[in-house]
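Q: Below is the file input.tsv, with TSV, C-alpha atoms and all ligand atoms.
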chain	number	residue	atom	x	y	z
A	132	MET	CA	-31.77	63.18	30.47
A	133	LYS	CA	-30.05	62.07	27.34
A	134	LEU	CA	-26.64	63.45	26.39
A	135	LEU	CA	-28.11	65.20	23.35
A	136	THR	CA	-30.19	67.28	25.76
A	137	HIS	CA	-27.14	67.93	27.92
A	138	ASN	CA	-25.36	69.22	24.79
A	139	MET	CA	-27.89	72.07	24.64
A	140	LEU	CA	-28.22	73.06	28.30
A	141	THR	CA	-26.51	75.97	30.06
A	142	SER	CA	-26.63	77.70	33.43
A	143	LYS	CA	-25.95	81.18	32.04
A	144	CYS	CA	-29.38	82.26	33.28
A	145	LEU	CA	-27.82	82.39	36.77
A	146	LYS	CA	-26.91	85.85	37.98
A	147	GLY	CA	-23.16	86.43	37.56
A	148	VAL	CA	-22.58	83.44	35.27
A	149	ASN	CA	-21.26	84.30	31.80
A	150	VAL	CA	-21.20	81.12	29.76
A	151	GLY	CA	-22.38	78.34	32.05
A	152	TYR	CA	-21.41	75.75	29.47
A	153	PRO	CA	-20.86	72.85	29.41
A	154	LEU	CA	-22.56	71.70	32.58
A	155	GLY	CA	-20.83	69.03	34.62
A	156	ILE	CA	-22.72	65.80	35.27
A	157	VAL	CA	-22.87	63.88	38.51
A	158	ALA	CA	-24.64	60.65	37.61
A	159	LYS	CA	-26.14	58.50	40.35
A	160	ASP	CA	-28.24	56.27	38.12
A	161	VAL	CA	-27.60	55.80	34.41
A	162	LYS	CA	-29.71	53.57	32.19
A	163	VAL	CA	-29.02	52.40	28.68
A	164	LEU	CA	-32.19	51.94	26.67
A	165	GLU	CA	-31.94	50.56	23.20
A	166	THR	CA	-33.74	52.76	20.70
A	167	GLU	CA	-34.25	52.38	16.98
A	168	PHE	CA	-31.24	53.61	14.99
A	169	ASN	CA	-32.02	56.17	12.31
A	170	SER	CA	-28.91	57.01	10.30
A	171	GLU	CA	-30.50	60.03	8.63
A	172	PHE	CA	-31.29	61.61	11.99
A	173	VAL	CA	-27.81	61.00	13.38
A	174	SER	CA	-26.09	62.36	10.24
A	175	ARG	CA	-28.17	65.50	10.34
A	176	ILE	CA	-27.77	66.14	14.07
A	177	ILE	CA	-23.95	65.86	14.05
A	178	PRO	CA	-23.33	69.37	12.62
A	179	LYS	CA	-25.47	70.78	15.45
A	180	LEU	CA	-23.43	69.14	18.21
A	181	ASP	CA	-20.68	70.49	20.34
A	182	TRP	CA	-18.52	67.40	19.93
A	183	ASP	CA	-16.10	68.01	22.80
A	184	THR	CA	-19.00	68.55	25.15
A	185	LEU	CA	-20.58	65.29	24.01
A	186	TRP	CA	-17.37	63.31	24.32
A	187	ASN	CA	-16.50	64.71	27.73
A	188	ALA	CA	-20.03	64.19	29.02
A	189	ALA	CA	-20.04	60.56	27.86
A	190	ASP	CA	-16.57	60.01	29.31
A	191	SER	CA	-17.48	61.60	32.63
A	192	ILE	CA	-20.27	59.09	33.18
A	193	GLY	CA	-18.24	56.17	31.90
A	194	HIS	CA	-19.98	55.73	28.56
A	195	ALA	CA	-17.58	57.15	25.98
A	196	GLY	CA	-16.71	53.58	24.96
A	197	ASP	CA	-14.87	53.77	21.65
A	198	LEU	CA	-16.45	57.03	20.55
A	199	PRO	CA	-13.75	58.93	18.59
A	200	ARG	CA	-12.40	62.17	20.07
A	201	ALA	CA	-13.28	63.97	16.85
A	202	VAL	CA	-15.93	63.63	14.16
A	203	CYS	CA	-14.53	61.61	11.27
A	204	ASP	CA	-14.65	62.84	7.69
A	205	ASP	CA	-17.35	61.39	5.51
A	206	TYR	CA	-19.33	60.40	8.59
A	207	GLU	CA	-22.60	60.24	6.63
A	208	ASN	CA	-21.41	56.99	5.07
A	209	ASP	CA	-19.80	55.50	8.14
A	210	VAL	CA	-22.60	53.44	9.65
A	211	GLU	CA	-20.43	52.06	12.44
A	212	PHE	CA	-19.51	55.57	13.52
A	213	LEU	CA	-23.13	56.79	13.28
A	214	LYS	CA	-24.25	53.89	15.47
A	215	LYS	CA	-21.74	54.85	18.16
A	216	VAL	CA	-23.00	58.43	18.05
A	217	HIS	CA	-26.61	57.25	18.21
A	218	HIS	CA	-25.80	55.20	21.29
A	219	VAL	CA	-24.14	58.05	23.16
A	220	LEU	CA	-26.69	60.67	22.11
A	221	VAL	CA	-29.99	58.96	22.73
A	222	GLU	CA	-29.53	55.57	24.36
A	223	VAL	CA	-27.54	56.55	27.43
A	224	GLU	CA	-29.79	58.28	29.93
A	225	VAL	CA	-29.07	59.89	33.28
A	226	ILE	CA	-32.06	59.04	35.44
A	227	GLU	CA	-30.88	60.38	38.80
A	228	GLY	CA	-28.08	62.84	39.41
A	229	GLU	CA	-27.07	66.45	39.10
A	230	LEU	CA	-25.93	69.00	36.56
A	231	VAL	CA	-23.26	71.36	37.83
A	232	CYS	CA	-22.68	74.95	36.73
A	233	PRO	CA	-19.02	75.19	35.65
A	234	GLU	CA	-18.65	78.71	37.04
A	235	SER	CA	-20.67	78.87	40.24
A	236	GLY	CA	-20.89	75.21	41.21
A	237	ARG	CA	-24.71	75.56	41.53
A	238	LYS	CA	-26.28	72.13	41.23
A	239	PHE	CA	-29.42	71.31	39.26
A	240	SER	CA	-31.05	68.04	40.21
A	241	ILE	CA	-32.05	65.37	37.73
A	242	ASN	CA	-34.99	63.44	39.04
A	243	LYS	CA	-36.59	60.49	37.23
A	244	GLY	CA	-34.78	61.68	34.10
A	245	ILE	CA	-36.02	65.28	34.32
A	246	PRO	CA	-33.41	68.01	34.92
A	247	ASN	CA	-34.68	70.89	37.00
A	248	MET	CA	-33.25	74.15	35.61
A	249	LEU	CA	-35.65	76.36	37.59
A	250	LEU	CA	-34.01	79.12	39.60
A	251	ASN	CA	-34.97	80.87	42.82
A	252	GLU	CA	-35.81	84.53	42.53
A	253	ASP	CA	-32.59	85.63	44.24
A	254	GLU	CA	-30.51	83.78	41.63
A	255	LEU	CA	-31.84	85.74	38.65
B	182	MET	CA	-52.20	63.30	13.11
B	183	ASP	CA	-53.36	60.92	15.84
B	184	THR	CA	-54.54	62.49	19.07
B	185	PRO	CA	-52.45	60.92	21.85
B	186	SER	CA	-54.20	59.03	24.60
B	187	LEU	CA	-54.42	60.79	27.96
B	188	SER	CA	-56.25	57.98	29.72
B	189	HIS	CA	-53.61	57.99	32.48
B	190	LEU	CA	-54.74	61.45	33.59
B	191	SER	CA	-57.56	62.11	36.01
B	192	LYS	CA	-59.10	64.92	37.99
B	193	ILE	CA	-56.16	64.82	40.41
B	194	GLU	CA	-53.62	65.66	37.71
B	195	TYR	CA	-55.89	68.30	36.18
B	196	ASP	CA	-55.90	70.14	39.50
B	197	HIS	CA	-52.24	70.88	38.75
B	198	VAL	CA	-51.82	70.57	35.00
B	199	TYR	CA	-53.60	72.39	32.18
B	200	GLU	CA	-56.31	70.15	30.76
B	201	PRO	CA	-56.32	70.15	26.95
B	202	ALA	CA	-58.96	72.59	25.74
B	203	GLU	CA	-60.05	74.33	22.52
B	204	ASP	CA	-56.73	76.18	22.25
B	205	THR	CA	-54.83	72.91	22.53
B	206	PHE	CA	-56.92	71.25	19.83
B	207	LEU	CA	-56.73	74.24	17.51
B	208	LEU	CA	-52.94	74.08	17.81
B	209	ILE	CA	-52.91	70.36	17.02
B	210	ASP	CA	-55.19	71.02	14.03
B	211	ALA	CA	-52.81	73.72	12.79
B	212	LEU	CA	-49.79	71.44	13.11
B	213	GLU	CA	-51.66	68.68	11.34
B	214	GLU	CA	-52.52	71.02	8.50
B	215	ASP	CA	-48.82	71.96	8.26
B	216	LEU	CA	-47.52	68.41	8.57
B	217	ALA	CA	-46.25	68.15	4.98
B	218	LEU	CA	-44.45	71.46	5.40
B	219	LEU	CA	-42.91	70.28	8.66
B	220	GLN	CA	-41.73	67.05	7.05
B	221	ASN	CA	-40.26	69.13	4.28
B	222	ILE	CA	-37.98	71.17	6.49
B	223	LYS	CA	-36.65	67.88	7.94
B	224	PRO	CA	-36.47	69.02	11.55
B	225	THR	CA	-33.92	67.41	13.85
B	226	VAL	CA	-34.84	69.31	17.02
B	227	CYS	CA	-38.45	70.17	17.95
B	228	VAL	CA	-39.22	71.94	21.21
B	229	GLU	CA	-42.49	72.70	22.94
B	230	VAL	CA	-42.47	75.39	25.62
B	231	GLY	CA	-45.18	74.96	28.26
B	232	SER	CA	-46.14	71.42	27.35
B	233	GLY	CA	-48.74	70.98	30.12
B	234	SER	CA	-50.25	67.51	29.64
B	235	GLY	CA	-47.77	66.83	26.84
B	236	ILE	CA	-50.47	66.13	24.29
B	237	VAL	CA	-49.13	68.52	21.63
B	238	ILE	CA	-45.47	67.49	21.56
B	239	THR	CA	-46.48	63.82	21.77
B	240	ALA	CA	-48.77	64.25	18.75
B	241	VAL	CA	-45.92	65.90	16.85
B	242	ALA	CA	-43.45	63.18	17.87
B	243	LYS	CA	-45.87	60.50	16.71
B	244	ALA	CA	-46.47	62.22	13.40
B	245	LEU	CA	-42.85	63.09	12.54
B	246	GLY	CA	-41.25	59.98	14.01
B	247	ARG	CA	-37.63	59.07	14.62
B	248	THR	CA	-36.05	61.58	12.25
B	249	SER	CA	-36.20	64.27	14.93
B	250	PHE	CA	-35.44	64.74	18.62
B	251	TYR	CA	-38.21	66.17	20.83
B	252	ILE	CA	-37.90	68.28	23.96
B	253	ALA	CA	-40.69	69.61	26.17
B	254	VAL	CA	-40.20	72.24	28.85
B	255	ASP	CA	-42.57	73.57	31.47
B	256	ILE	CA	-42.20	75.76	34.53
B	257	ASN	CA	-44.65	73.52	36.36
B	258	GLN	CA	-42.94	70.38	37.63
B	259	VAL	CA	-46.14	68.37	37.74
B	260	ALA	CA	-46.67	69.21	34.06
B	261	CYS	CA	-43.13	67.96	33.39
B	262	LYS	CA	-43.87	64.59	34.97
B	263	VAL	CA	-47.21	64.29	33.22
B	264	THR	CA	-45.64	65.18	29.85
B	265	GLN	CA	-43.03	62.46	30.32
B	266	LYS	CA	-45.75	59.93	31.09
B	267	THR	CA	-47.92	60.98	28.14
B	268	ALA	CA	-44.99	60.60	25.76
B	269	GLN	CA	-44.05	57.19	27.14
B	270	LEU	CA	-47.54	55.76	27.13
B	271	ASN	CA	-47.98	56.81	23.53
B	272	GLY	CA	-44.75	55.13	22.46
B	273	THR	CA	-42.76	58.28	21.78
B	274	ASP	CA	-39.46	59.59	23.04
B	275	VAL	CA	-39.73	63.12	24.44
B	276	GLU	CA	-37.09	64.66	26.70
B	277	VAL	CA	-38.51	66.82	29.47
B	278	VAL	CA	-36.76	69.66	31.28
B	279	ALA	CA	-38.22	71.92	33.97
B	280	MET	CA	-37.32	75.51	33.08
B	281	ASP	CA	-38.59	79.03	32.66
B	282	LEU	CA	-39.23	79.53	28.93
B	283	MET	CA	-35.93	78.81	27.09
B	284	SER	CA	-33.68	80.17	29.83
B	285	GLY	CA	-31.68	76.96	30.29
B	286	PHE	CA	-30.86	76.43	26.62
B	287	HIS	CA	-27.61	77.33	24.97
B	288	LEU	CA	-29.25	79.27	22.13
B	289	ASP	CA	-27.43	78.92	18.88
B	290	ASN	CA	-29.98	78.41	16.17
B	291	LYS	CA	-30.42	74.68	16.62
B	292	ILE	CA	-34.17	74.44	16.96
B	293	ASP	CA	-36.16	73.74	13.82
B	294	VAL	CA	-39.65	73.69	15.27
B	295	LEU	CA	-40.69	75.70	18.33
B	296	ILE	CA	-44.22	75.46	19.68
B	297	PHE	CA	-45.84	77.57	22.40
B	298	ASN	CA	-49.40	77.69	23.63
B	299	PRO	CA	-48.69	80.35	26.24
B	300	PRO	CA	-50.63	81.71	29.16
B	301	TYR	CA	-52.53	84.32	27.13
B	302	VAL	CA	-55.44	85.44	29.32
B	303	VAL	CA	-55.52	89.15	30.22
B	304	THR	CA	-55.00	89.39	34.00
B	305	PRO	CA	-53.42	91.72	36.54
B	306	SER	CA	-49.61	91.53	36.24
B	307	GLU	CA	-49.17	90.00	39.69
B	308	GLU	CA	-50.93	86.84	38.61
B	309	ILE	CA	-48.28	85.71	36.16
B	310	LEU	CA	-46.03	84.91	39.06
B	311	GLY	CA	-48.64	82.51	40.36
B	312	ASN	CA	-48.18	81.64	44.00
B	313	LYS	CA	-44.95	79.73	43.38
B	314	MET	CA	-46.60	76.58	44.58
B	315	TYR	CA	-45.62	73.23	43.16
B	316	GLY	CA	-48.04	72.45	40.34
B	317	ASP	CA	-49.54	75.90	40.25
B	318	LEU	CA	-52.25	76.22	37.63
B	319	THR	CA	-52.52	80.03	37.56
B	320	ARG	CA	-49.38	80.18	35.45
B	321	ALA	CA	-51.04	77.99	32.86
B	322	TRP	CA	-53.32	80.80	31.74
B	323	ALA	CA	-52.48	84.12	33.41
B	324	GLY	CA	-50.81	86.37	30.83
B	325	GLY	CA	-50.74	89.72	32.61
B	326	GLU	CA	-51.25	92.95	30.71
B	327	ARG	CA	-52.88	92.34	27.29
B	328	GLY	CA	-52.12	88.67	28.08
B	329	ARG	CA	-48.70	89.34	26.60
B	330	GLU	CA	-46.29	89.40	29.52
B	331	VAL	CA	-45.05	85.81	29.25
B	332	MET	CA	-44.88	85.48	25.46
B	333	ASP	CA	-43.24	88.91	25.17
B	334	GLN	CA	-40.25	87.55	27.08
B	335	LEU	CA	-39.73	84.87	24.45
B	336	PHE	CA	-40.03	86.96	21.25
B	337	PRO	CA	-36.60	88.68	21.42
B	338	LYS	CA	-34.95	85.25	21.79
B	339	ILE	CA	-36.51	83.77	18.65
B	340	PRO	CA	-33.75	84.98	16.27
B	341	ASP	CA	-31.18	83.05	18.36
B	342	ILE	CA	-33.37	80.01	18.90
B	343	LEU	CA	-34.56	79.08	15.43
B	344	SER	CA	-32.41	77.42	12.80
B	345	ARG	CA	-32.19	78.85	9.29
B	346	CYS	CA	-35.43	77.22	8.10
B	347	GLY	CA	-36.97	77.03	11.57
B	348	VAL	CA	-40.63	77.72	12.34
B	349	PHE	CA	-42.31	79.02	15.46
B	350	TYR	CA	-45.97	78.25	16.22
B	351	LEU	CA	-47.80	80.38	18.76
B	352	VAL	CA	-51.36	80.37	20.09
B	353	VAL	CA	-52.90	83.79	20.84
B	354	ILE	CA	-56.28	85.41	21.37
B	355	SER	CA	-57.40	88.67	19.77
B	356	GLU	CA	-56.80	90.56	23.06
B	357	ASN	CA	-53.07	89.80	22.66
B	358	CYS	CA	-53.07	92.16	19.61
B	359	PRO	CA	-51.76	89.85	16.87
B	360	GLU	CA	-51.13	92.85	14.58
B	361	ASP	CA	-48.75	94.29	17.13
B	362	ILE	CA	-46.99	90.91	17.46
B	363	LYS	CA	-46.69	90.87	13.68
B	364	HIS	CA	-44.83	94.20	13.68
B	365	LEU	CA	-42.64	93.23	16.58
B	366	MET	CA	-41.63	89.96	14.94
B	367	ASN	CA	-41.18	91.69	11.61
B	368	ASP	CA	-38.58	93.93	13.22
B	369	LEU	CA	-36.85	90.77	14.47
B	370	GLY	CA	-36.75	89.41	10.91
B	371	PHE	CA	-39.79	87.15	10.82
B	372	ILE	CA	-42.95	86.94	8.75
B	373	MET	CA	-46.20	86.10	10.49
B	374	HIS	CA	-48.75	83.75	8.98
B	375	VAL	CA	-52.17	82.97	10.44
B	376	VAL	CA	-52.55	79.20	10.23
B	377	LYS	CA	-55.89	78.79	11.98
B	378	GLU	CA	-58.50	80.93	13.67
B	379	ARG	CA	-61.60	79.94	15.55
B	380	LYS	CA	-64.16	81.63	17.75
B	381	VAL	CA	-64.96	79.54	20.79
B	382	ARG	CA	-67.15	80.68	23.63
B	383	GLY	CA	-66.30	84.35	23.51
B	384	GLU	CA	-62.60	83.75	22.83
B	385	TYR	CA	-61.17	84.50	19.42
B	386	LEU	CA	-58.26	82.06	19.09
B	387	LEU	CA	-55.53	82.17	16.46
B	388	VAL	CA	-52.58	79.93	15.70
B	389	LEU	CA	-49.75	82.04	14.33
B	390	LYS	CA	-46.66	80.81	12.54
B	391	PHE	CA	-43.39	82.70	12.13
B	392	THR	CA	-40.70	82.02	9.56
B	393	ARG	CA	-37.59	83.97	8.59
B	394	LYS	CA	-37.93	86.64	5.92
C	1	LIG	C1	-52.16	77.26	28.10
C	1	LIG	S1	-51.16	76.02	28.86
C	1	LIG	C2	-50.80	74.96	27.46
C	1	LIG	C3	-50.53	73.52	27.81
C	1	LIG	C4	-50.40	72.56	26.63
C	1	LIG	N1	-49.28	72.92	25.77
C	1	LIG	C5	-51.68	72.59	25.82
C	1	LIG	O1	-51.66	73.15	24.71
C	1	LIG	O2	-52.69	72.04	26.29
C	1	LIG	C6	-49.63	76.90	29.16
C	1	LIG	C7	-48.47	76.08	29.75
C	1	LIG	O3	-47.30	76.91	29.83
C	1	LIG	C8	-46.66	76.70	31.08
C	1	LIG	N2	-45.90	77.92	31.39
C	1	LIG	C9	-46.36	79.11	31.84
C	1	LIG	N3	-45.37	80.00	31.99
C	1	LIG	C10	-44.23	79.34	31.61
C	1	LIG	C11	-42.86	79.72	31.57
C	1	LIG	N4	-42.45	80.93	31.92
C	1	LIG	N5	-41.95	78.78	31.15
C	1	LIG	C12	-42.35	77.54	30.81
C	1	LIG	N6	-43.64	77.13	30.83
C	1	LIG	C13	-44.56	78.02	31.23
C	1	LIG	C14	-47.78	76.38	32.04
C	1	LIG	O4	-47.31	75.70	33.18
C	1	LIG	C15	-48.72	75.56	31.16
C	1	LIG	O5	-48.40	74.19	31.23
Would you give me this structure, written as structure tokens?

A:
Amino acid sequence: MKLLTHNMLTSKCLKGVNVGYPLGIVAKDVKVLETEFNSEFVSRIIPKLDWDTLWNAADSIGHAGDLPRAVCDDYENDVEFLKKVHHVLVEVEVIEGELVCPESGRKFSINKGIPNMLLNEDEL
Amino acid sequence: MDTPSLSHLSKIEYDHVYEPAEDTFLLIDALEEDLALLQNIKPTVCVEVGSGSGIVITAVAKALGRTSFYIAVDINQVACKVTQKTAQLNGTDVEVVAMDLMSGFHLDNKIDVLIFNPPYVVTPSEEILGNKMYGDLTRAWAGGERGREVMDQLFPKIPDILSRCGVFYLVVISENCPEDIKHLMNDLGFIMHVVKERKVRGEYLLVLKFTRK
């Protein structure tokens, strides 16, 4: 699971949970895989991100590095900044671990990079 | 659009994961026909619900390349693993999440392209629950009443899922009553287009596309 995916996941499908966002991350195995940098993609995905969620997620697994706490102005032209975002969004990957519902504490396992958001019938 | 290689799959996987069939290929044909249009809307997030073998989302990821992010979801965990493998072996990056439809997504109009080849076969309602077994294939095709019970759960979410210029592709058969789907989606603010239709062995298949009015 990449942190861009984490930015979009919630546990609000659980009975009794209102927001379920952002999910906590317990990382047991994190890999960093270099992928081709595409500045156009990163510039266009930034407005869709919840920045605090991204920063906190990266920080919680020890990969915030020197990612700024806030999006800088004129980021489209700041290649250094875009590269940092690219790294955190799509190069850092949680292979084994858990996602944790912020309200109920329910854990969702991440196995071989695949988060399991399936619920049991009594949780719906 | 190149058809991804599935040479890593054998009979054993197909006991648990939907094997690409006419519906799959009609969907890929439709997406190929719409490729220029898809490139035009410059998607950044493309999602396939019910990816099965992963052939469709992998084909899309190959064709559109690194300017978008790709996510596949399936309720069948074997399908999730197979999708991940298919994407990797074909040199694409596709994130995979096991979930029921879009239930685990924070829906706030971020998805530019949504693709669903749903279980559309008309069956008794009980069958859509499958037998809850790991890698259960019944859920790949059983659609309940009018074959609509699974896709009907997704329709009301579409206005919150799709971005401003987002598109939703859906495979149906004539028994699913496409005209009724058209009205239902119209009330939700979407126009229906028929991208492809084909009669194959007694099944009348259509690939529908929905865009905002
Ligand atoms: C007709 S198959 C299509 C598979 C593949 N996309 C293709 O075109 O060959 C339907 C897929 O949807 C999945 N599915 C069924 N119900 C689902 C649900 N509620 N949420 C997510 N996936 C579901 C099945 O496991 C199956 O993989």

Q: What are the nearest atom pairs, with distances in Å to one decimal, for all residues of chain B that come at most 8 Å from ligand LIG 1 (chain C), using only C-alpha atoms and all ligand atoms, set out by chain and rising residue number as CSV?

A:
residue,atom,partner,partner_atom,distance
B:Val198,CA,C:LIG1,O5,6.2
B:Tyr199,CA,C:LIG1,C3,5.5
B:Glu200,CA,C:LIG1,O2,6.1
B:Pro201,CA,C:LIG1,O2,4.1
B:Ala202,CA,C:LIG1,O2,6.3
B:Asp204,CA,C:LIG1,O1,6.4
B:Thr205,CA,C:LIG1,O1,3.9
B:Phe206,CA,C:LIG1,O1,7.4
B:Leu208,CA,C:LIG1,O1,7.1
B:Glu229,CA,C:LIG1,N1,7.4
B:Val230,CA,C:LIG1,N6,5.6
B:Gly231,CA,C:LIG1,O3,3.3
B:Ser232,CA,C:LIG1,N1,3.8
B:Gly233,CA,C:LIG1,O5,3.4
B:Ser234,CA,C:LIG1,C4,5.9
B:Gly235,CA,C:LIG1,C4,6.3
B:Ile236,CA,C:LIG1,O2,6.6
B:Val237,CA,C:LIG1,N1,6.0
B:Ile238,CA,C:LIG1,N1,7.9
B:Val254,CA,C:LIG1,C12,6.0
B:Asp255,CA,C:LIG1,N6,3.8
B:Ile256,CA,C:LIG1,C12,4.1
B:Asn257,CA,C:LIG1,O4,4.7
B:Ala260,CA,C:LIG1,O5,6.0
B:Ala279,CA,C:LIG1,C12,7.7
B:Met280,CA,C:LIG1,C12,5.9
B:Asp281,CA,C:LIG1,N5,3.7
B:Leu282,CA,C:LIG1,N5,3.6
B:Met283,CA,C:LIG1,N5,7.3
B:Phe297,CA,C:LIG1,N1,6.7
B:Asn298,CA,C:LIG1,C2,4.9
B:Pro299,CA,C:LIG1,C6,4.6
B:Pro300,CA,C:LIG1,C1,4.8
B:Tyr301,CA,C:LIG1,C1,7.1
B:Ile309,CA,C:LIG1,N3,7.6
B:Gly316,CA,C:LIG1,O4,7.9
B:Asp317,CA,C:LIG1,O4,7.4
B:Leu318,CA,C:LIG1,O4,6.7
B:Arg320,CA,C:LIG1,C9,4.8
B:Ala321,CA,C:LIG1,C14,3.7
B:Trp322,CA,C:LIG1,C1,5.2
B:Val331,CA,C:LIG1,N4,6.1

Q: Give the residues of chain A that lie within 8 Å of chain B; count all atoms listed in the file, and format the answer as JSON, numbers by chain.

A: {"A": [132, 133, 136, 139, 140, 141, 142, 143, 144, 152, 167, 169, 171, 172, 175, 176, 179, 244, 245, 246, 247, 248, 249]}

Q: Tell me, in Å to one decimal, how far CA of Lys192 (chain B) is from CA of Asn251 (chain A).

A: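 Those two atoms sit 29.3 Å apart.
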
Q: Nearest to Ile241 (chain A): which of A:Lys146, A:Lys159, A:Lys215, A:His194 is it, counting all atoms listed in the file?

A: A:Lys159

Q: How many Å separate CA of Pro340 (chain B) from CA of Gly370 (chain B)?

A: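 Interatomic distance here is 7.6 Å.
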
Q: Interatomic distance between CA of Ser170 (chain A) and CA of Gln269 (chain B)?

A: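 Going from CA of Ser170 (chain A) over to CA of Gln269 (chain B) covers 22.6 Å.
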
Q: May I have the protein, DNA and RNA residues with an atom at most 7 Å from (-23.4, 63.0, 11.1), counting all atoms listed in the file in the file's coordinates, returned as an MDAnalysis selection string?

A: chainID A and resid 173:178 206:207 213

Q: Could you list as a PyMOL selection string every residue that has an atom within 12 Å of (-19.8, 65.9, 21.9), using the file's coordinates and counting all atoms listed in the file?

A: chain A and resi 134-139+153+176-191+195+198-202+215-217+219-220

Q: Can you list, as a list in words, every protein, DNA or RNA residue that comes within 6 Å of region 224-233 of chain A when you count only C-alpha atoms, leaving out same-chain residues fewer than 4 positions away?

A: Met132, Lys133, Ser142, Gly151, Leu154, Gly155, Ile156, Val157, Ala158, Lys159, Asp160, Val161, Lys162, Arg237, Lys238, Phe239, Ser240, Ile241, Asn242, Lys243 and Gly244 of chain A

Q: Out of A:Ser235, A:Phe168, A:Gly196, A:Val148, which residue has the shortest atom-to-atom distance to Val210 (chain A) when counting all atoms listed in the file?

A: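 The answer is A:Phe168, which sits nearest to Val210 (chain A).
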
Q: Find the residues around Ala244 (chain B) up to 8 Å (only C-alpha atoms counted), leave out those fewer than 6 positions away in its own chain, and share them as a list in words.

A: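 Neighbouring residues, sequence-local ones excluded: Met182, Asp183 and Leu216 of chain B.
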
Q: Need to verify the contact set: region 379-384 of chain B, 8 Å, all atoms listed in the file, exclusion of same-chain residues closer than 6 positions in sequence. Can you return it as a list in words?

A: Glu203, Leu207, Ile354 and Ser355 of chain B

Q: Find the residues near Ile339 (chain B): any atom within 12 Å, counting only C-alpha atoms, skip ones fewer than 2 places away on the same chain, and give them as a PyMOL selection string.

A: chain B and resi 282-283+288-297+332-337+341-345+347-351+365-371+391-393

Q: Those same residues - C-alpha atoms - I'd like them written as a PDB file, in the coordinates of the input.

A:
ATOM      1  CA  LEU B 282     -39.230  79.530  28.930  1.00  0.00           C
ATOM      2  CA  MET B 283     -35.930  78.810  27.090  1.00  0.00           C
ATOM      3  CA  LEU B 288     -29.250  79.270  22.130  1.00  0.00           C
ATOM      4  CA  ASP B 289     -27.430  78.920  18.880  1.00  0.00           C
ATOM      5  CA  ASN B 290     -29.980  78.410  16.170  1.00  0.00           C
ATOM      6  CA  LYS B 291     -30.420  74.680  16.620  1.00  0.00           C
ATOM      7  CA  ILE B 292     -34.170  74.440  16.960  1.00  0.00           C
ATOM      8  CA  ASP B 293     -36.160  73.740  13.820  1.00  0.00           C
ATOM      9  CA  VAL B 294     -39.650  73.690  15.270  1.00  0.00           C
ATOM     10  CA  LEU B 295     -40.690  75.700  18.330  1.00  0.00           C
ATOM     11  CA  ILE B 296     -44.220  75.460  19.680  1.00  0.00           C
ATOM     12  CA  PHE B 297     -45.840  77.570  22.400  1.00  0.00           C
ATOM     13  CA  MET B 332     -44.880  85.480  25.460  1.00  0.00           C
ATOM     14  CA  ASP B 333     -43.240  88.910  25.170  1.00  0.00           C
ATOM     15  CA  GLN B 334     -40.250  87.550  27.080  1.00  0.00           C
ATOM     16  CA  LEU B 335     -39.730  84.870  24.450  1.00  0.00           C
ATOM     17  CA  PHE B 336     -40.030  86.960  21.250  1.00  0.00           C
ATOM     18  CA  PRO B 337     -36.600  88.680  21.420  1.00  0.00           C
ATOM     19  CA  ASP B 341     -31.180  83.050  18.360  1.00  0.00           C
ATOM     20  CA  ILE B 342     -33.370  80.010  18.900  1.00  0.00           C
ATOM     21  CA  LEU B 343     -34.560  79.080  15.430  1.00  0.00           C
ATOM     22  CA  SER B 344     -32.410  77.420  12.800  1.00  0.00           C
ATOM     23  CA  ARG B 345     -32.190  78.850   9.290  1.00  0.00           C
ATOM     24  CA  GLY B 347     -36.970  77.030  11.570  1.00  0.00           C
ATOM     25  CA  VAL B 348     -40.630  77.720  12.340  1.00  0.00           C
ATOM     26  CA  PHE B 349     -42.310  79.020  15.460  1.00  0.00           C
ATOM     27  CA  TYR B 350     -45.970  78.250  16.220  1.00  0.00           C
ATOM     28  CA  LEU B 351     -47.800  80.380  18.760  1.00  0.00           C
ATOM     29  CA  LEU B 365     -42.640  93.230  16.580  1.00  0.00           C
ATOM     30  CA  MET B 366     -41.630  89.960  14.940  1.00  0.00           C
ATOM     31  CA  ASN B 367     -41.180  91.690  11.610  1.00  0.00           C
ATOM     32  CA  ASP B 368     -38.580  93.930  13.220  1.00  0.00           C
ATOM     33  CA  LEU B 369     -36.850  90.770  14.470  1.00  0.00           C
ATOM     34  CA  GLY B 370     -36.750  89.410  10.910  1.00  0.00           C
ATOM     35  CA  PHE B 371     -39.790  87.150  10.820  1.00  0.00           C
ATOM     36  CA  PHE B 391     -43.390  82.700  12.130  1.00  0.00           C
ATOM     37  CA  THR B 392     -40.700  82.020   9.560  1.00  0.00           C
ATOM     38  CA  ARG B 393     -37.590  83.970   8.590  1.00  0.00           C
TER      39      ARG B 393
END
